[in-house]
file final.pdb (PDB, C-alpha atoms)
ATOM      1  CA  MET U   1     -42.085  -0.285 -19.995
ATOM      2  CA  ASN U   2     -39.353  -2.894 -20.074
ATOM      3  CA  VAL U   3     -37.706  -4.415 -16.984
ATOM      4  CA  SER U   4     -34.501  -2.372 -17.286
ATOM      5  CA  GLU U   5     -36.457   0.885 -17.183
ATOM      6  CA  ALA U   6     -38.314  -0.171 -14.030
ATOM      7  CA  ALA U   7     -35.236  -1.399 -12.124
ATOM      8  CA  PRO U   8     -33.587   1.121  -9.825
ATOM      9  CA  THR U   9     -30.181   2.306 -10.906
ATOM     10  CA  ILE U  10     -27.194   1.433  -8.783
ATOM     11  CA  ARG U  11     -24.878   4.348  -8.130
ATOM     12  CA  ARG U  12     -21.292   3.149  -8.372
ATOM     13  CA  ALA U  13     -18.094   4.590  -6.959
ATOM     14  CA  ARG U  14     -16.438   7.032  -9.329
ATOM     15  CA  LEU U  15     -12.978   6.568 -10.836
ATOM     16  CA  PRO U  16     -11.724  10.152 -10.328
ATOM     17  CA  PHE U  17     -11.695   9.637  -6.548
ATOM     18  CA  LEU U  18      -9.743   6.396  -6.969
ATOM     19  CA  ILE U  19      -7.234   8.076  -9.270
ATOM     20  CA  VAL U  20      -6.722  11.183  -7.125
ATOM     21  CA  VAL U  21      -6.310   9.374  -3.799
ATOM     22  CA  ALA U  22      -4.050   6.684  -5.296
ATOM     23  CA  ALA U  23      -1.939   9.368  -7.000
ATOM     24  CA  VAL U  24      -1.593  11.336  -3.757
ATOM     25  CA  VAL U  25      -0.469   8.215  -1.860
ATOM     26  CA  ALA U  26       1.980   7.228  -4.627
ATOM     27  CA  VAL U  27       3.432  10.744  -4.901
ATOM     28  CA  LEU U  28       3.819  11.063  -1.106
ATOM     29  CA  ASP U  29       5.466   7.655  -1.041
ATOM     30  CA  LEU U  30       7.903   8.359  -3.864
ATOM     31  CA  ALA U  31       8.724  11.855  -2.576
ATOM     32  CA  SER U  32       9.366  10.557   0.946
ATOM     33  CA  LYS U  33      11.603   7.798  -0.455
ATOM     34  CA  ALA U  34      13.579  10.364  -2.471
ATOM     35  CA  TRP U  35      13.993  12.414   0.710
ATOM     36  CA  ALA U  36      15.084   9.299   2.618
ATOM     37  CA  GLN U  37      17.690   8.388   0.028
ATOM     38  CA  ALA U  38      19.062  11.933  -0.078
ATOM     39  CA  ARG U  39      19.038  12.478   3.682
ATOM     40  CA  LEU U  40      19.736   9.045   5.164
ATOM     41  CA  GLU U  41      22.651   7.859   3.059
ATOM     42  CA  THR U  42      26.110   9.332   3.512
ATOM     43  CA  PRO U  43      28.375   9.941   0.494
ATOM     44  CA  GLU U  44      30.329   6.852   1.578
ATOM     45  CA  GLY U  45      27.162   4.771   1.238
ATOM     46  CA  PHE U  46      26.644   4.261   4.961
ATOM     47  CA  PRO U  47      23.215   4.782   6.461
ATOM     48  CA  HIS U  48      22.544   7.793   8.653
ATOM     49  CA  VAL U  49      19.848   7.393  11.306
ATOM     50  CA  ILE U  50      17.608  10.228  12.456
ATOM     51  CA  ASP U  51      15.968   9.667  15.844
ATOM     52  CA  VAL U  52      12.381  10.876  15.784
ATOM     53  CA  VAL U  53      11.194   9.439  19.103
ATOM     54  CA  PRO U  54      14.345   8.114  20.818
ATOM     55  CA  GLY U  55      13.962   4.523  21.903
ATOM     56  CA  TRP U  56      10.830   4.005  19.772
ATOM     57  CA  PHE U  57      10.973   5.406  16.238
ATOM     58  CA  ASP U  58      13.598   6.606  13.770
ATOM     59  CA  PHE U  59      14.267   7.166  10.098
ATOM     60  CA  SER U  60      16.710   4.514   8.917
ATOM     61  CA  LEU U  61      17.320   3.678   5.246
ATOM     62  CA  ALA U  62      16.775   0.066   4.169
ATOM     63  CA  ARG U  63      16.615  -1.576   0.763
ATOM     64  CA  ASN U  64      14.087  -4.401   0.865
ATOM     65  CA  ARG U  65      14.629  -6.908  -1.921
ATOM     66  CA  GLY U  66      11.828  -9.096  -0.542
ATOM     67  CA  GLY U  67       8.193  -8.494   0.249
ATOM     68  CA  ALA U  68       6.500  -7.910   3.588
ATOM     69  CA  TRP U  69       8.672  -9.154   6.451
ATOM     70  CA  SER U  70      11.383  -9.881   3.836
ATOM     71  CA  PHE U  71       9.319 -12.550   2.054
ATOM     72  CA  LEU U  72      11.505 -14.022  -0.759
ATOM     73  CA  HIS U  73      14.392 -11.768   0.339
ATOM     74  CA  ASP U  74      16.917 -14.532  -0.320
ATOM     75  CA  ALA U  75      15.299 -15.774  -3.539
ATOM     76  CA  PRO U  76      17.292 -15.369  -6.777
ATOM     77  CA  GLU U  77      16.875 -11.933  -8.341
ATOM     78  CA  ARG U  78      15.209 -13.341 -11.468
ATOM     79  CA  VAL U  79      12.522 -14.906  -9.249
ATOM     80  CA  ARG U  80      11.952 -11.685  -7.269
ATOM     81  CA  MET U  81      11.931  -9.500 -10.391
ATOM     82  CA  ALA U  82       9.346 -11.769 -12.025
ATOM     83  CA  PHE U  83       7.202 -12.391  -8.947
ATOM     84  CA  PHE U  84       6.810  -8.973  -7.304
ATOM     85  CA  PRO U  85       6.034  -6.840 -10.382
ATOM     86  CA  THR U  86       3.607  -9.483 -11.641
ATOM     87  CA  VAL U  87       1.797  -9.621  -8.303
ATOM     88  CA  SER U  88       1.743  -5.805  -8.147
ATOM     89  CA  VAL U  89       0.258  -5.444 -11.644
ATOM     90  CA  LEU U  90      -2.348  -8.128 -10.905
ATOM     91  CA  ALA U  91      -3.221  -6.372  -7.625
ATOM     92  CA  ILE U  92      -3.617  -3.054  -9.449
ATOM     93  CA  VAL U  93      -5.988  -4.635 -11.995
ATOM     94  CA  VAL U  94      -8.014  -6.379  -9.271
ATOM     95  CA  ILE U  95      -8.267  -3.146  -7.245
ATOM     96  CA  VAL U  96      -9.520  -1.122 -10.226
ATOM     97  CA  VAL U  97     -12.074  -3.802 -11.174
ATOM     98  CA  ALA U  98     -13.233  -4.153  -7.550
ATOM     99  CA  TYR U  99     -13.510  -0.379  -7.193
ATOM    100  CA  ARG U 100     -15.686  -0.133 -10.299
ATOM    101  CA  ARG U 101     -18.030  -2.707  -8.753
ATOM    102  CA  LEU U 102     -18.446  -0.860  -5.463
ATOM    103  CA  ARG U 103     -21.789   0.642  -4.663
ATOM    104  CA  HIS U 104     -21.799   4.325  -3.820
ATOM    105  CA  ASP U 105     -22.652   3.557  -0.177
ATOM    106  CA  GLN U 106     -19.579   1.370   0.405
ATOM    107  CA  TRP U 107     -17.609   4.310   1.749
ATOM    108  CA  LEU U 108     -14.987   2.336   3.716
ATOM    109  CA  ALA U 109     -14.026   0.295   0.657
ATOM    110  CA  LYS U 110     -14.243   3.443  -1.447
ATOM    111  CA  VAL U 111     -11.471   4.968   0.699
ATOM    112  CA  ALA U 112      -9.556   1.730   1.319
ATOM    113  CA  LEU U 113      -8.997   0.600  -2.263
ATOM    114  CA  PRO U 114      -7.345   3.867  -3.424
ATOM    115  CA  LEU U 115      -4.984   3.710  -0.421
ATOM    116  CA  VAL U 116      -3.964   0.152  -1.312
ATOM    117  CA  LEU U 117      -3.667   1.084  -4.997
ATOM    118  CA  GLY U 118      -1.413   4.076  -4.276
ATOM    119  CA  GLY U 119       0.807   1.919  -2.084
ATOM    120  CA  ALA U 120       1.013  -0.815  -4.701
ATOM    121  CA  ILE U 121       1.990   1.742  -7.347
ATOM    122  CA  GLY U 122       4.648   3.338  -5.121
ATOM    123  CA  ASN U 123       6.312   0.028  -4.327
ATOM    124  CA  LEU U 124       6.020  -1.159  -7.943
ATOM    125  CA  VAL U 125       7.853   1.955  -9.151
ATOM    126  CA  ASP U 126      10.698   1.170  -6.736
ATOM    127  CA  ARG U 127      10.919  -2.439  -7.872
ATOM    128  CA  LEU U 128      11.009  -1.480 -11.537
ATOM    129  CA  ARG U 129      13.474   1.353 -10.961
ATOM    130  CA  TYR U 130      15.863  -0.218  -8.434
ATOM    131  CA  GLY U 131      15.022  -3.907  -8.089
ATOM    132  CA  PHE U 132      14.126  -3.314  -4.424
ATOM    133  CA  VAL U 133      11.806  -1.204  -2.285
ATOM    134  CA  ILE U 134      13.121   1.724  -0.270
ATOM    135  CA  ASP U 135      12.022   1.570   3.371
ATOM    136  CA  PHE U 136      12.920   4.101   6.040
ATOM    137  CA  LEU U 137      10.290   4.180   8.801
ATOM    138  CA  HIS U 138      11.646   2.124  11.692
ATOM    139  CA  ALA U 139       9.695   1.367  14.883
ATOM    140  CA  TYR U 140      11.287  -0.452  17.781
ATOM    141  CA  GLY U 141      11.206  -0.683  21.548
ATOM    142  CA  THR U 142      12.977  -2.253  24.467
ATOM    143  CA  TRP U 143      11.144  -4.454  26.909
ATOM    144  CA  GLY U 144      11.969  -7.645  28.716
ATOM    145  CA  GLY U 145      15.661  -6.755  28.505
ATOM    146  CA  ALA U 146      15.764  -6.903  24.701
ATOM    147  CA  THR U 147      15.218  -4.464  21.852
ATOM    148  CA  HIS U 148      12.450  -5.534  19.493
ATOM    149  CA  HIS U 149      12.267  -4.191  15.934
ATOM    150  CA  PHE U 150       9.220  -3.920  13.693
ATOM    151  CA  PRO U 151      10.202  -4.398  10.027
ATOM    152  CA  THR U 152      11.238  -1.097   8.432
ATOM    153  CA  PHE U 153       8.470   0.225   6.194
ATOM    154  CA  ASN U 154       7.485   3.196   3.990
ATOM    155  CA  VAL U 155       4.504   5.416   3.144
ATOM    156  CA  ALA U 156       3.253   2.902   0.532
ATOM    157  CA  ASP U 157       3.163   0.230   3.228
ATOM    158  CA  VAL U 158       1.165   2.572   5.467
ATOM    159  CA  GLY U 159      -1.381   3.104   2.659
ATOM    160  CA  ILE U 160      -1.630  -0.636   2.031
ATOM    161  CA  THR U 161      -1.989  -1.417   5.751
ATOM    162  CA  VAL U 162      -4.566   1.285   6.497
ATOM    163  CA  GLY U 163      -6.515   0.331   3.367
ATOM    164  CA  SER U 164      -6.465  -3.343   4.334
ATOM    165  CA  ILE U 165      -7.687  -2.535   7.843
ATOM    166  CA  LEU U 166     -10.542  -0.449   6.416
ATOM    167  CA  LEU U 167     -11.506  -3.316   4.087
ATOM    168  CA  ALA U 168     -11.497  -5.723   7.021
ATOM    169  CA  LEU U 169     -13.646  -3.351   9.090
ATOM    170  CA  GLU U 170     -16.132  -3.049   6.250
ATOM    171  CA  SER U 171     -16.342  -6.807   5.805
ATOM    172  CA  ILE U 172     -16.882  -7.303   9.555
ATOM    173  CA  PHE U 173     -19.171  -4.420  10.504
ATOM    174  CA  VAL U 174     -21.035  -3.288   7.392
ATOM    175  CA  PRO U 175     -23.915  -5.572   6.449
ATOM    176  CA  ASP U 176     -24.057  -6.799   2.869
ATOM    177  CA  PRO U 177     -27.369  -5.660   1.335
ATOM    178  CA  GLY U 178     -27.250  -8.533  -1.127
ATOM    179  CA  PRO U 179     -27.064  -8.389  -4.900
ATOM    180  CA  PRO U 180     -28.605  -5.405  -6.656
ATOM    181  CA  PRO U 181     -31.714  -6.034  -8.736
ATOM    182  CA  ASN U 182     -30.998  -7.533 -12.176
ATOM    183  CA  ASP U 183     -27.270  -7.844 -11.471
TER     184      ASP U 183
END
call {"tool": "encode", "arguments": {"input": "final.pdb", "output": "structure tokens"}}
result
Amino acid sequence: MNVSEAAPTIRRARLPFLIVVAAVVAVLDLASKAWAQARLETPEGFPHVIDVVPGWFDFSLARNRGGAWSFLHDAPERVRMAFFPTVSVLAIVVIVVAYRRLRHDQWLAKVALPLVLGGAIGNLVDRLRYGFVIDFLHAYGTWGGATHHFPTFNVADVGITVGSILLALESIFVPDPGPPPND
């Protein structure tokens, strides 16, 4: 019997789950953005706001040419159109490679990575199609005599954020069993 026959097999996360969850997130993101464009922009090109929770949350169309919190928003278009798609494609490759390396028992990461992947795909499609990302979820509140606004976001951003939180939770609370045998 050789060593490879005696070593236990490591069950890895399966790609169909990654593909299905990422596709669902991307489709929900793109469909919600299509709805937002159709519903939140008047024929004259002015935004229309829909109050969801008055004083706290509304739907308000925004076109984000930058990244999170308008990172590189004022950069020249050639810089943005080179930087953001490149980073998105690299992130997609890293996510797929990382997912393939997950052990079957890494369930938080197994859920987190498809959420991040779906969000990355949704925002990448916007950047390639329009040169910007469509945002429409707007949270805000008034306290201390001033109204404070959280940056407008979209379903892709929710997937990326929830996935990132799950990855952080796994790295903090789930012990690393160490390298598998013969890895």
call {"tool": "atom_distance", "arguments": {"input": "final.pdb", "atom1": "atom CA of His138 of chain U", "atom2": "atom CA of Trp56 of chain U"}}
result
8.3 Å
call {"tool": "resolve_selection", "arguments": {"input": "final.pdb", "expression": "the PyMOL selection byres ((chain U and resi 127-134) around 8)", "output": "PyMOL selection string"}}
result
chain U and resi 33+61-66+81+84-85+123-126+135-136+154
call {"tool": "residues_near_point", "arguments": {"input": "final.pdb", "point": "(-9.0, 4.8, -4.6)", "cutoff": "6 Å", "atoms": "all atoms listed in the file", "output": "compact mmCIF listing (two decimals) with C-alpha atoms, in the frame of the given file"}}
result
# COMPACT_ATOMS: atom_id res chain seq x y z
CA PHE U 17 -11.70 9.64 -6.55
CA LEU U 18 -9.74 6.40 -6.97
CA ILE U 19 -7.23 8.08 -9.27
CA VAL U 21 -6.31 9.37 -3.80
CA ALA U 22 -4.05 6.68 -5.30
CA VAL U 111 -11.47 4.97 0.70
CA LEU U 113 -9.00 0.60 -2.26
CA PRO U 114 -7.34 3.87 -3.42
CA LEU U 115 -4.98 3.71 -0.42
call {"tool": "residues_around", "arguments": {"input": "final.pdb", "residues": "Asp29 of chain U", "least_positions_apart": "4", "cutoff": "10 Å", "atoms": "all atoms listed in the file", "output": "list of chain:residue names"}}
result
U:Ala23, U:Val24, U:Val25, U:Lys33, U:Ala34, U:Trp35, U:Gly118, U:Gly119, U:Ile121, U:Gly122, U:Asn123, U:Ile134, U:Asp135, U:Asn154, U:Val155, U:Ala156, U:Asp157, U:Val158, U:Gly159
call {"tool": "atom_distance", "arguments": {"input": "final.pdb", "atom1": "atom CA of Leu137 of chain U", "atom2": "atom CA of Ser60 of chain U"}}
result
6.4 Å
call {"tool": "atom_distance", "arguments": {"input": "final.pdb", "atom1": "atom CA of Val97 of chain U", "atom2": "atom CA of Val79 of chain U"}}
result
27.1 Å
call {"tool": "residues_around", "arguments": {"input": "final.pdb", "residues": "Asp58 of chain U", "least_positions_apart": "2", "cutoff": "12 Å", "atoms": "all atoms listed in the file", "output": "count of residues only"}}
result
24
